[in-house]
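K.L.:
Enclosed is the structure file protein-v7.csv (CSV, C-alpha atoms).
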chain,number,residue,atom,x,y,z
A,7,MET,CA,241.4,121.2,164.5
A,8,CYS,CA,240.6,124.9,164.0
A,9,ARG,CA,238.7,126.7,161.3
A,10,VAL,CA,240.2,129.7,159.5
A,11,ASP,CA,238.3,132.2,157.3
A,12,PRO,CA,240.7,132.8,154.4
A,13,LEU,CA,239.0,136.1,153.4
A,14,ASN,CA,239.1,137.7,156.9
A,15,ASP,CA,242.1,136.2,158.6
A,16,ASP,CA,245.2,138.4,158.2
A,17,ARG,CA,247.4,135.2,158.5
A,18,TRP,CA,246.0,133.7,155.3
A,19,ASP,CA,247.8,136.0,152.7
A,20,GLN,CA,251.0,135.6,154.7
A,21,LEU,CA,250.8,131.8,154.5
A,22,VAL,CA,250.0,131.9,150.8
A,23,SER,CA,252.9,134.3,150.0
A,24,ARG,CA,255.5,132.0,151.7
A,25,HIS,CA,254.2,128.5,151.3
A,26,PRO,CA,255.8,126.5,148.5
A,27,LYS,CA,252.6,124.6,147.8
A,28,ALA,CA,250.4,127.7,147.5
A,29,SER,CA,249.1,128.5,144.0
A,30,LEU,CA,246.8,131.0,142.3
A,31,PHE,CA,243.8,129.0,143.6
A,32,HIS,CA,244.8,129.7,147.2
A,33,SER,CA,245.1,133.5,146.7
A,34,SER,CA,242.5,135.7,148.4
A,35,ALA,CA,241.9,137.4,145.0
A,36,TRP,CA,240.8,134.0,143.5
A,37,LEU,CA,238.7,133.3,146.6
A,38,ARG,CA,237.0,136.7,146.5
A,39,ALA,CA,236.0,136.2,142.9
A,40,LEU,CA,234.7,132.7,143.7
A,41,GLN,CA,232.6,133.8,146.6
A,42,LYS,CA,231.3,137.0,144.9
A,43,THR,CA,230.2,135.0,141.8
A,44,TYR,CA,228.7,131.9,143.3
A,45,GLY,CA,228.1,132.7,147.0
A,46,TYR,CA,230.1,129.7,148.3
A,47,GLN,CA,231.3,129.6,151.9
A,48,LEU,CA,235.1,129.3,152.1
A,49,VAL,CA,236.9,127.7,155.0
A,50,ALA,CA,240.4,126.3,155.8
A,51,PHE,CA,241.2,123.8,158.5
A,52,THR,CA,244.5,123.7,160.4
A,53,TRP,CA,246.1,122.4,163.6
A,54,CYS,CA,247.3,125.9,164.4
A,55,GLY,CA,245.3,127.7,167.1
A,56,ALA,CA,243.6,131.1,166.5
A,57,ASN,CA,246.4,133.0,168.3
A,58,GLU,CA,249.3,131.1,166.8
A,59,PRO,CA,251.2,131.7,163.5
A,60,LEU,CA,249.5,129.9,160.6
A,61,ASP,CA,252.0,127.5,159.1
A,62,GLY,CA,249.7,125.2,157.2
A,63,ALA,CA,246.1,124.5,156.3
A,64,ILE,CA,243.8,122.8,153.8
A,65,LEU,CA,241.5,125.0,151.9
A,66,LEU,CA,237.9,123.9,151.2
A,67,CYS,CA,234.6,125.3,150.0
A,68,GLU,CA,231.1,124.4,151.0
A,69,VAL,CA,228.8,124.1,148.1
A,70,ASP,CA,225.1,124.2,149.2
A,71,SER,CA,222.8,123.7,146.3
A,72,TRP,CA,219.1,122.8,146.3
A,73,LEU,CA,219.7,121.1,143.0
A,74,THR,CA,222.9,119.1,143.6
A,75,GLY,CA,223.1,118.9,147.4
A,76,ARG,CA,225.6,120.0,150.0
A,77,ARG,CA,229.2,119.0,149.8
A,78,LEU,CA,232.8,120.1,150.7
A,79,VAL,CA,235.1,120.6,147.8
A,80,SER,CA,238.8,121.7,147.5
A,81,LEU,CA,238.2,123.7,145.3
A,82,PRO,CA,235.3,124.5,142.9
A,83,PHE,CA,236.3,125.8,139.4
A,84,SER,CA,240.0,125.4,140.3
A,85,ASP,CA,242.1,122.9,138.4
A,86,HIS,CA,244.0,121.9,141.5
A,87,CYS,CA,244.3,122.8,145.2
A,88,GLU,CA,247.3,121.5,147.0
A,89,PRO,CA,247.0,121.0,150.8
A,90,MET,CA,249.5,123.4,152.4
A,91,LEU,CA,250.3,120.6,154.9
A,92,SER,CA,252.7,117.8,155.4
A,93,ASP,CA,251.3,114.4,154.1
A,94,GLY,CA,250.7,113.3,157.7
A,95,ASP,CA,248.8,116.5,158.7
A,96,PHE,CA,246.8,116.4,155.4
A,97,ARG,CA,245.6,112.8,156.1
A,98,SER,CA,244.9,113.4,159.8
A,99,ILE,CA,242.7,116.5,158.9
A,100,LEU,CA,240.9,114.4,156.3
A,101,SER,CA,240.2,111.8,158.9
A,102,ALA,CA,238.7,114.5,161.2
A,103,LEU,CA,236.6,115.8,158.4
A,104,GLU,CA,235.3,112.3,157.7
A,105,LEU,CA,233.8,112.2,161.2
A,106,ARG,CA,232.1,115.6,160.6
A,107,LEU,CA,230.4,114.6,157.4
A,108,PRO,CA,227.2,113.1,158.8
A,109,VAL,CA,226.7,116.0,161.2
A,110,ALA,CA,227.3,118.6,158.6
A,111,LEU,CA,225.1,116.8,156.1
A,112,TRP,CA,227.6,116.8,153.3
A,113,ARG,CA,227.0,114.3,150.5
A,114,TYR,CA,230.7,113.9,150.1
A,115,ILE,CA,234.1,115.6,150.5
A,116,GLU,CA,236.3,116.0,147.5
A,117,VAL,CA,240.0,117.1,147.3
A,118,ARG,CA,242.1,118.0,144.3
A,119,PRO,CA,245.8,117.7,145.2
A,120,LEU,CA,248.3,118.3,142.4
A,121,ASP,CA,251.7,117.0,143.7
A,122,SER,CA,250.8,115.5,147.0
A,123,GLY,CA,249.7,111.9,147.2
A,124,GLY,CA,246.0,111.1,147.6
A,125,PRO,CA,244.3,110.2,150.9
A,126,ASP,CA,245.7,107.1,152.5
A,127,SER,CA,242.4,105.4,153.0
A,128,SER,CA,240.3,102.7,151.2
A,129,ARG,CA,237.3,104.9,152.1
A,130,TRP,CA,238.3,107.5,149.5
A,131,HIS,CA,238.0,106.8,145.7
A,132,THR,CA,239.2,108.5,142.6
A,133,SER,CA,236.3,110.6,141.3
A,134,ALA,CA,237.9,112.1,138.2
A,135,THR,CA,241.3,111.9,136.4
A,136,TYR,CA,242.8,114.5,134.1
A,137,GLN,CA,246.0,115.3,132.4
A,138,PHE,CA,247.9,118.3,133.8
A,139,HIS,CA,250.5,120.2,131.8
A,140,ARG,CA,253.2,122.6,133.1
A,141,LEU,CA,256.0,124.2,131.1
A,142,ASP,CA,259.3,125.0,132.7
A,143,LEU,CA,260.3,128.6,131.7
A,144,ARG,CA,263.8,128.6,133.1
A,145,PRO,CA,265.6,127.7,129.9
A,146,SER,CA,266.4,130.5,127.4
A,147,LEU,CA,263.7,131.8,125.1
A,148,ASN,CA,265.6,130.3,122.1
A,149,THR,CA,265.8,126.9,123.8
A,150,LEU,CA,262.1,127.0,124.6
A,151,PHE,CA,261.3,127.8,121.0
A,152,GLN,CA,263.5,125.0,119.7
A,153,ASN,CA,261.7,122.5,122.1
A,154,PHE,CA,258.3,123.3,120.4
A,155,HIS,CA,257.1,120.7,118.0
A,156,HIS,CA,258.5,121.7,114.6
A,157,SER,CA,255.6,121.3,112.2
A,158,SER,CA,252.5,121.9,114.4
A,159,THR,CA,253.8,124.6,116.7
A,160,ARG,CA,256.8,126.5,115.4
A,161,ARG,CA,255.4,126.6,111.9
A,162,LYS,CA,252.0,127.8,113.1
A,163,ILE,CA,253.7,130.7,115.0
A,164,ARG,CA,255.5,131.7,111.9
A,165,ARG,CA,252.3,131.3,109.8
A,166,ALA,CA,250.5,133.7,112.2
A,167,GLU,CA,253.3,136.2,111.8
A,168,ARG,CA,253.3,135.9,108.0
A,169,GLU,CA,249.6,136.3,107.9
A,170,GLY,CA,250.0,139.6,109.8
A,171,LEU,CA,247.8,138.6,112.8
A,172,GLU,CA,247.8,141.5,115.3
A,173,TYR,CA,248.4,140.7,119.0
A,174,ARG,CA,246.7,142.8,121.6
A,175,GLU,CA,246.5,142.5,125.4
A,176,GLY,CA,244.9,144.2,128.3
A,177,SER,CA,241.8,144.0,130.5
A,178,ASN,CA,239.4,146.6,129.2
A,179,GLU,CA,235.8,146.1,128.4
A,180,SER,CA,236.3,146.0,124.6
A,181,LEU,CA,238.9,143.2,124.8
A,182,PHE,CA,236.7,141.4,127.3
A,183,ASN,CA,233.7,141.5,124.9
A,184,HIS,CA,235.8,140.0,122.1
A,185,PHE,CA,237.2,137.3,124.4
A,186,TYR,CA,233.8,136.4,125.7
A,187,ARG,CA,232.3,136.1,122.2
A,188,LEU,CA,235.1,133.7,121.2
A,189,LEU,CA,234.6,131.7,124.5
A,190,VAL,CA,230.9,131.3,123.7
A,191,VAL,CA,231.4,130.0,120.2
A,192,THR,CA,234.1,127.6,121.4
A,193,ARG,CA,232.0,126.3,124.2
A,194,LYS,CA,229.1,125.8,121.8
A,195,ARG,CA,231.4,123.9,119.5
A,196,HIS,CA,232.3,121.6,122.4
A,197,GLY,CA,228.7,121.4,123.7
A,198,ILE,CA,229.5,123.1,127.0
A,199,PRO,CA,227.9,126.3,128.4
A,200,PRO,CA,230.3,129.2,129.1
A,201,GLN,CA,231.0,130.5,132.5
A,202,PRO,CA,228.9,133.6,133.4
A,203,ARG,CA,230.2,137.0,132.4
A,204,LYS,CA,230.2,138.1,136.1
A,205,TRP,CA,232.8,135.4,136.9
A,206,PHE,CA,235.3,136.9,134.5
A,207,ARG,CA,234.5,140.5,135.6
A,208,ASN,CA,235.0,139.5,139.2
A,209,LEU,CA,238.4,138.0,138.3
A,210,MET,CA,239.4,141.1,136.4
A,211,GLU,CA,238.4,143.3,139.4
A,212,ALA,CA,240.2,141.0,141.9
A,213,PHE,CA,243.5,140.6,140.0
A,214,GLY,CA,243.9,143.9,138.3
A,215,GLU,CA,247.1,144.1,136.2
A,216,GLU,CA,248.0,140.5,137.0
A,217,LEU,CA,245.2,139.4,134.7
A,218,LYS,CA,245.5,139.8,130.9
A,219,ILE,CA,243.1,139.1,128.1
A,220,ARG,CA,245.2,138.2,125.0
A,221,LEU,CA,243.7,138.4,121.5
A,222,ALA,CA,244.8,137.7,118.0
A,223,PHE,CA,243.1,139.9,115.3
A,224,ASN,CA,242.8,139.3,111.6
A,225,GLY,CA,242.0,142.8,110.4
A,226,ASP,CA,239.2,144.1,112.7
A,227,ARG,CA,238.1,140.6,113.7
A,228,ALA,CA,239.3,138.8,116.9
A,229,VAL,CA,240.0,135.2,115.8
A,230,ALA,CA,241.5,133.8,119.0
A,231,GLY,CA,241.6,134.8,122.7
A,232,MET,CA,242.8,133.7,126.0
A,233,LEU,CA,242.9,134.8,129.7
A,234,THR,CA,246.0,134.4,131.8
A,235,ILE,CA,246.7,135.3,135.4
A,236,ARG,CA,250.1,135.8,137.0
A,237,HIS,CA,250.6,134.6,140.6
A,238,LYS,CA,254.0,134.4,142.3
A,239,ASP,CA,256.4,132.9,139.8
A,240,THR,CA,253.8,131.2,137.6
A,241,LEU,CA,251.7,132.3,134.7
A,242,TYR,CA,248.3,130.5,134.6
A,243,TYR,CA,246.4,129.9,131.4
A,244,LYS,CA,242.8,129.8,132.5
A,245,ASN,CA,240.4,130.1,129.5
A,246,GLY,CA,240.6,130.3,125.7
A,247,GLY,CA,238.4,130.5,122.6
A,248,SER,CA,238.8,130.7,118.9
A,249,ASP,CA,236.9,131.1,115.6
A,250,GLU,CA,237.4,127.8,113.8
A,251,ARG,CA,237.1,129.5,110.4
A,252,PHE,CA,240.5,131.0,111.1
A,253,HIS,CA,242.3,128.1,112.8
A,254,SER,CA,244.7,127.7,109.9
A,255,LEU,CA,246.1,131.1,110.6
A,256,GLY,CA,247.6,130.0,113.9
A,257,GLY,CA,246.0,132.5,116.2
A,258,MET,CA,246.1,130.4,119.4
A,259,HIS,CA,249.8,129.6,118.7
A,260,LEU,CA,250.6,133.3,118.4
A,261,LEU,CA,248.9,133.9,121.8
A,262,PHE,CA,250.7,131.2,123.6
A,263,TRP,CA,254.0,132.3,122.1
A,264,ASN,CA,253.4,135.9,123.2
A,265,ALA,CA,252.3,134.7,126.7
A,266,ILE,CA,255.6,132.7,127.0
A,267,GLN,CA,257.7,135.7,126.0
A,268,ASP,CA,255.8,137.9,128.4
A,269,ALA,CA,256.4,135.5,131.2
A,270,LYS,CA,260.1,135.2,130.4
A,271,SER,CA,260.5,139.0,130.4
A,272,GLN,CA,259.0,139.0,133.9
A,273,GLY,CA,261.3,136.3,135.2
A,274,LEU,CA,258.6,133.7,135.8
A,275,ALA,CA,259.5,130.1,136.3
A,276,ALA,CA,256.5,128.2,134.9
A,277,LEU,CA,253.5,128.3,132.7
A,278,ASP,CA,250.5,126.3,134.1
A,279,PHE,CA,248.5,125.1,131.1
A,280,GLY,CA,245.8,123.7,133.4
A,281,ARG,CA,243.9,120.4,133.2
A,282,VAL,CA,242.6,118.5,130.3
A,283,ASP,CA,239.9,115.8,130.2
A,284,THR,CA,241.5,112.4,129.3
A,285,ASP,CA,238.9,112.0,126.5
A,286,GLN,CA,240.4,115.1,124.7
A,287,PRO,CA,243.5,113.6,123.0
A,288,GLY,CA,243.7,116.5,120.6
A,289,LEU,CA,244.0,119.1,123.4
A,290,ILE,CA,246.5,116.9,125.3
A,291,THR,CA,248.7,116.7,122.2
A,292,PHE,CA,248.4,120.4,121.6
A,293,LYS,CA,249.7,121.3,125.1
A,294,SER,CA,252.4,118.6,125.0
A,295,ARG,CA,253.8,120.0,121.7
A,296,TRP,CA,254.8,123.2,123.6
A,297,GLY,CA,257.3,121.1,125.5
A,298,ALA,CA,255.0,121.1,128.6
A,299,VAL,CA,255.4,118.1,130.9
A,300,ALA,CA,252.2,116.1,131.4
A,301,SER,CA,251.3,114.4,134.6
A,302,PRO,CA,248.1,112.7,135.9
A,303,LEU,CA,245.8,114.8,138.1
A,304,HIS,CA,243.4,112.8,140.3
A,305,TYR,CA,240.5,114.1,142.3
A,306,TYR,CA,239.5,112.1,145.4
A,307,ARG,CA,236.1,111.7,147.0
A,308,PHE,CA,234.9,110.4,150.4
A,309,SER,CA,231.3,109.5,150.9
A,310,PRO,CA,229.5,107.2,153.5
A,311,GLY,CA,228.7,104.3,151.2
A,312,LYS,CA,227.3,104.7,147.7
A,313,ILE,CA,225.8,108.2,147.2
A,314,PRO,CA,222.9,108.7,144.8
A,315,VAL,CA,223.8,110.3,141.5
A,316,HIS,CA,222.3,113.7,141.1
A,317,ALA,CA,221.3,115.1,137.7
A,318,PHE,CA,224.3,117.5,137.4
A,319,ASP,CA,227.1,115.5,139.0
A,320,SER,CA,230.2,115.9,136.8
A,321,ALA,CA,230.6,112.1,136.6
A,322,ASN,CA,227.1,111.6,135.3
A,323,THR,CA,227.7,110.7,131.6
A,324,PHE,CA,224.0,110.8,130.8
A,325,GLN,CA,223.6,114.4,131.9
A,326,ARG,CA,226.8,115.4,130.2
A,327,GLY,CA,225.5,114.0,127.0
A,328,THR,CA,222.2,115.9,127.4
A,329,ILE,CA,223.9,119.2,128.2
A,330,ASN,CA,226.3,118.7,125.2
A,331,ALA,CA,223.4,118.1,122.9
A,332,PHE,CA,221.5,121.1,124.2
A,333,CYS,CA,224.5,123.5,124.0
A,334,SER,CA,225.4,122.3,120.5
A,335,LEU,CA,221.9,123.0,119.2
A,336,ALA,CA,220.9,126.1,121.2
A,337,PRO,CA,221.3,129.6,119.9
A,338,SER,CA,224.6,131.2,121.0
A,339,PHE,CA,222.7,134.0,123.0
A,340,LEU,CA,221.1,131.4,125.2
A,341,LEU,CA,224.4,129.7,126.3
A,342,PRO,CA,225.5,132.4,128.8
A,343,VAL,CA,222.1,132.2,130.4
A,344,CYS,CA,222.5,128.4,130.7
A,345,GLY,CA,225.9,128.8,132.3
A,346,SER,CA,224.7,131.4,134.8
A,347,LEU,CA,221.9,129.1,135.9
A,348,LEU,CA,224.0,125.8,136.1
A,349,TYR,CA,227.5,126.6,137.2
A,350,LYS,CA,226.7,127.6,140.8
A,351,HIS,CA,225.2,124.1,141.2
A,352,ILE,CA,228.1,122.2,139.6
A,353,GLY,CA,231.1,123.5,141.5
Will you turn the file into structure tokens for me?
P.N.:
Amino acid sequence: MCRVDPLNDDRWDQLVSRHPKASLFHSSAWLRALQKTYGYQLVAFTWCGANEPLDGAILLCEVDSWLTGRRLVSLPFSDHCEPMLSDGDFRSILSALELRLPVALWRYIEVRPLDSGGPDSSRWHTSATYQFHRLDLRPSLNTLFQNFHHSSTRRKIRRAEREGLEYREGSNESLFNHFYRLLVVTRKRHGIPPQPRKWFRNLMEAFGEELKIRLAFNGDRAVAGMLTIRHKDTLYYKNGGSDERFHSLGGMHLLFWNAIQDAKSQGLAALDFGRVDTDQPGLITFKSRWGAVASPLHYYRFSPGKIPVHAFDSANTFQRGTINAFCSLAPSFLLPVCGSLLYKHIG
């Protein structure tokens, strides 16, 4: 088994460009933003030698935190990360990594495959389960629109148009500030700290014109916003926020409809809606009503026996409740500070 540095090996971008399992989260632009923001060490493992063509690999990231410990994750802050390997090679590399765990002092190894099966071993357990939504954009635009839910989606799009909401897109500082304000108020509403500003700025720098901030304005006020990134033949919805006082105007519906039209005009094949926690039925319903196909998304974890629960493990319901309560009550200006302090330990 050989190590590959995905940010400094010329073979990596070539592999990502041609491999059918490669996604946005394998791209060197995403990995640069991840490393620049959080300082994580990125590594890929393969059976290909250093002087051989790279025809497959599994991408991982070493998170080394004084607060939450040391672990190997594929991939932090990424909805999914398919192994670019056959099922057999995937499982054999996982077996090799299992043997390295005690020497490397990792608390655990976690993988987040999307379409591949999970590890074929009783030593791995499901650490988290989400719903994943993907919309096939190959039908005509009219067919896509007719497949939207009549009352809750099509009517909301028409309502936004009647109300005269203005759609704007781009990646300049003014649009970013509007977007981040909406993200903060939405995260506060849900009791979750927002990601740090530098994460989004690093994404904007890394992806350039492939990244768009999309905003809906009611007069001079931004009432809904989202961030999308194009990679290969897919448009990825990454983050969104809205002002709940204007929800009835259909701002988010207007944004998704414009994003779909934009993707169609570029000849893209799919819209990746991302993952949703299974305890968020309202958001699951919202995404399903766009005609997106839902499928379960499982994360798998290997650890030598039962590992101690750290204060900020994502599966720790007590700490989640504590963070939710704090974020709901804290002043909005404190939430970005909280996110900057916590997220590098949570990945």
K.L.:
CA of Pro200 in chain A to CA of Asn183 in chain A: how many Å, to one decimal?
P.N.:
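Between these atoms lies a distance of 13.4 Å.
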K.L.:
What separation in Å, quoted to one decimal, exists between CA of Ala50 in chain A and CA of His237 in chain A?
P.N.:
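Here the two named atoms are 20.1 Å from each other.
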K.L.:
As an exercise, work out the distance from CA of Leu171 in chain A to CA of Phe252 in chain A in Å and give it to one decimal place.
P.N.:
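Here the two named atoms are 10.7 Å from each other.
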K.L.:
Looking at all atoms listed in the file, which of A:Thr159, A:Ser84, A:Ser133, A:Ser334 is the one that sits closest to Thr291 in chain A?
P.N.:
A:Thr159
K.L.:
Need to verify the contact set: Ile115 in chain A, 10 Å, all atoms listed in the file, exclusion of same-chain residues closer than 3 positions in sequence. Can you return it as a short mmCIF file (atom, residue, chain, number, x, y, z; two decimals) with C-alpha atoms, in the frame of the given file?
P.N.:
data_model
loop_
_atom_site.label_atom_id
_atom_site.label_comp_id
_atom_site.auth_asym_id
_atom_site.auth_seq_id
_atom_site.Cartn_x
_atom_site.Cartn_y
_atom_site.Cartn_z
CA LEU A 66 237.90 123.90 151.20
CA CYS A 67 234.60 125.30 150.00
CA GLU A 68 231.10 124.40 151.00
CA ARG A 76 225.60 120.00 150.00
CA ARG A 77 229.20 119.00 149.80
CA LEU A 78 232.80 120.10 150.70
CA VAL A 79 235.10 120.60 147.80
CA SER A 80 238.80 121.70 147.50
CA LEU A 100 240.90 114.40 156.30
CA LEU A 103 236.60 115.80 158.40
CA GLU A 104 235.30 112.30 157.70
CA LEU A 107 230.40 114.60 157.40
CA TRP A 112 227.60 116.80 153.30
CA TRP A 130 238.30 107.50 149.50
CA TYR A 306 239.50 112.10 145.40
CA ARG A 307 236.10 111.70 147.00
CA PHE A 308 234.90 110.40 150.40
CA SER A 309 231.30 109.50 150.90
#
K.L.:
Mind listing whatever residues come within 9 Å of the point (246.2, 111.2, 152.4)? Use all atoms listed in the file, file coordinates, and give them as an MDAnalysis selection string.
P.N.:
chainID A and resid 93:98 100:101 122:127
K.L.:
Using all atoms listed in the file, which of A:Ala228, A:Leu260, A:Leu241, A:Cys54 sits nearest Leu277 in chain A?
P.N.:
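The shortest atom-to-atom distance to Leu277 in chain A comes from A:Leu241.
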K.L.:
Of the residues A:Ile99, A:Ile198, A:Cys87, A:Ala265, which is the one nearest to Val117 in chain A, using all atoms listed in the file?
P.N.:
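Ranking A:Ile99, A:Ile198, A:Cys87, A:Ala265 by distance to Val117 in chain A, first place goes to A:Cys87.
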K.L.:
Tell me, as a list of chain:residue names, which residues lie within 12 Å of Asn178 in chain A, counting all atoms listed in the file; anything in the same chain fewer than 3 positions away does not count.
P.N.:
A:Arg174, A:Glu175, A:Leu181, A:Phe182, A:Asn183, A:His184, A:Phe185, A:Phe206, A:Arg207, A:Met210, A:Glu211, A:Gly214, A:Glu215, A:Leu217, A:Lys218, A:Ile219, A:Arg220
K.L.:
Write out the residues from the selection above, keeping C-alpha atoms, as a tab-separated table (two decimals), in the coordinates of the input.
P.N.:
chain	number	residue	atom	x	y	z
A	174	ARG	CA	246.70	142.80	121.60
A	175	GLU	CA	246.50	142.50	125.40
A	181	LEU	CA	238.90	143.20	124.80
A	182	PHE	CA	236.70	141.40	127.30
A	183	ASN	CA	233.70	141.50	124.90
A	184	HIS	CA	235.80	140.00	122.10
A	185	PHE	CA	237.20	137.30	124.40
A	206	PHE	CA	235.30	136.90	134.50
A	207	ARG	CA	234.50	140.50	135.60
A	210	MET	CA	239.40	141.10	136.40
A	211	GLU	CA	238.40	143.30	139.40
A	214	GLY	CA	243.90	143.90	138.30
A	215	GLU	CA	247.10	144.10	136.20
A	217	LEU	CA	245.20	139.40	134.70
A	218	LYS	CA	245.50	139.80	130.90
A	219	ILE	CA	243.10	139.10	128.10
A	220	ARG	CA	245.20	138.20	125.00
K.L.:
Would you list the contacts of Leu147 in chain A as JSON, numbers by chain, taking every protein, DNA or RNA residue within 8 Å and counting only C-alpha atoms, but skipping same-chain residues closer than 2 positions in sequence?
P.N.:
{"A": [145, 149, 150, 151, 267, 270]}
K.L.:
I need the residue nearest Ser157 in chain A from this list: A:Arg17, A:Gly231, A:Val22, A:Phe292. Use only C-alpha atoms for the distance.
P.N.:
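Among the listed residues, the smallest separation from Ser157 in chain A belongs to A:Phe292.
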K.L.:
My list of candidates is A:Gly353, A:Gly55, A:Gly225, A:Pro302. Which is closest to Leu40 in chain A when distances are computed with only C-alpha atoms?
P.N.:
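Answer, going by the shortest atom-to-atom distance: A:Gly353.
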K.L.:
For Arg140 in chain A, which residue out of A:Gln152, A:Gln47, A:Asn330, A:Ser294 is the nearest one, using all atoms listed in the file?
P.N.:
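So, comparing all the options, the nearest one is A:Ser294.
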K.L.:
Find the residues near Asp278 in chain A: any atom within 8 Å, counting all atoms listed in the file, skip ones fewer than 5 places away on the same chain, and give them as a PyMOL selection string.
P.N.:
chain A and resi 139-141+240-243
K.L.:
May I have the residues within 8 Å of range 10-16 of chain A as a ChimeraX atom specification, using all atoms listed in the file and disregarding those fewer than 6 positions away in the same chain?
P.N.:
/A:34,37-38,48-52,56
K.L.:
Grab the residues selected above and save them as a PDB file, in the coordinates of the input with C-alpha atoms.
P.N.:
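Dumped to out.pdb:
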ATOM      1  CA  SER A  34     242.500 135.700 148.400  1.00  0.00           C
ATOM      2  CA  LEU A  37     238.700 133.300 146.600  1.00  0.00           C
ATOM      3  CA  ARG A  38     237.000 136.700 146.500  1.00  0.00           C
ATOM      4  CA  LEU A  48     235.100 129.300 152.100  1.00  0.00           C
ATOM      5  CA  VAL A  49     236.900 127.700 155.000  1.00  0.00           C
ATOM      6  CA  ALA A  50     240.400 126.300 155.800  1.00  0.00           C
ATOM      7  CA  PHE A  51     241.200 123.800 158.500  1.00  0.00           C
ATOM      8  CA  THR A  52     244.500 123.700 160.400  1.00  0.00           C
ATOM      9  CA  ALA A  56     243.600 131.100 166.500  1.00  0.00           C
TER      10      ALA A  56
END
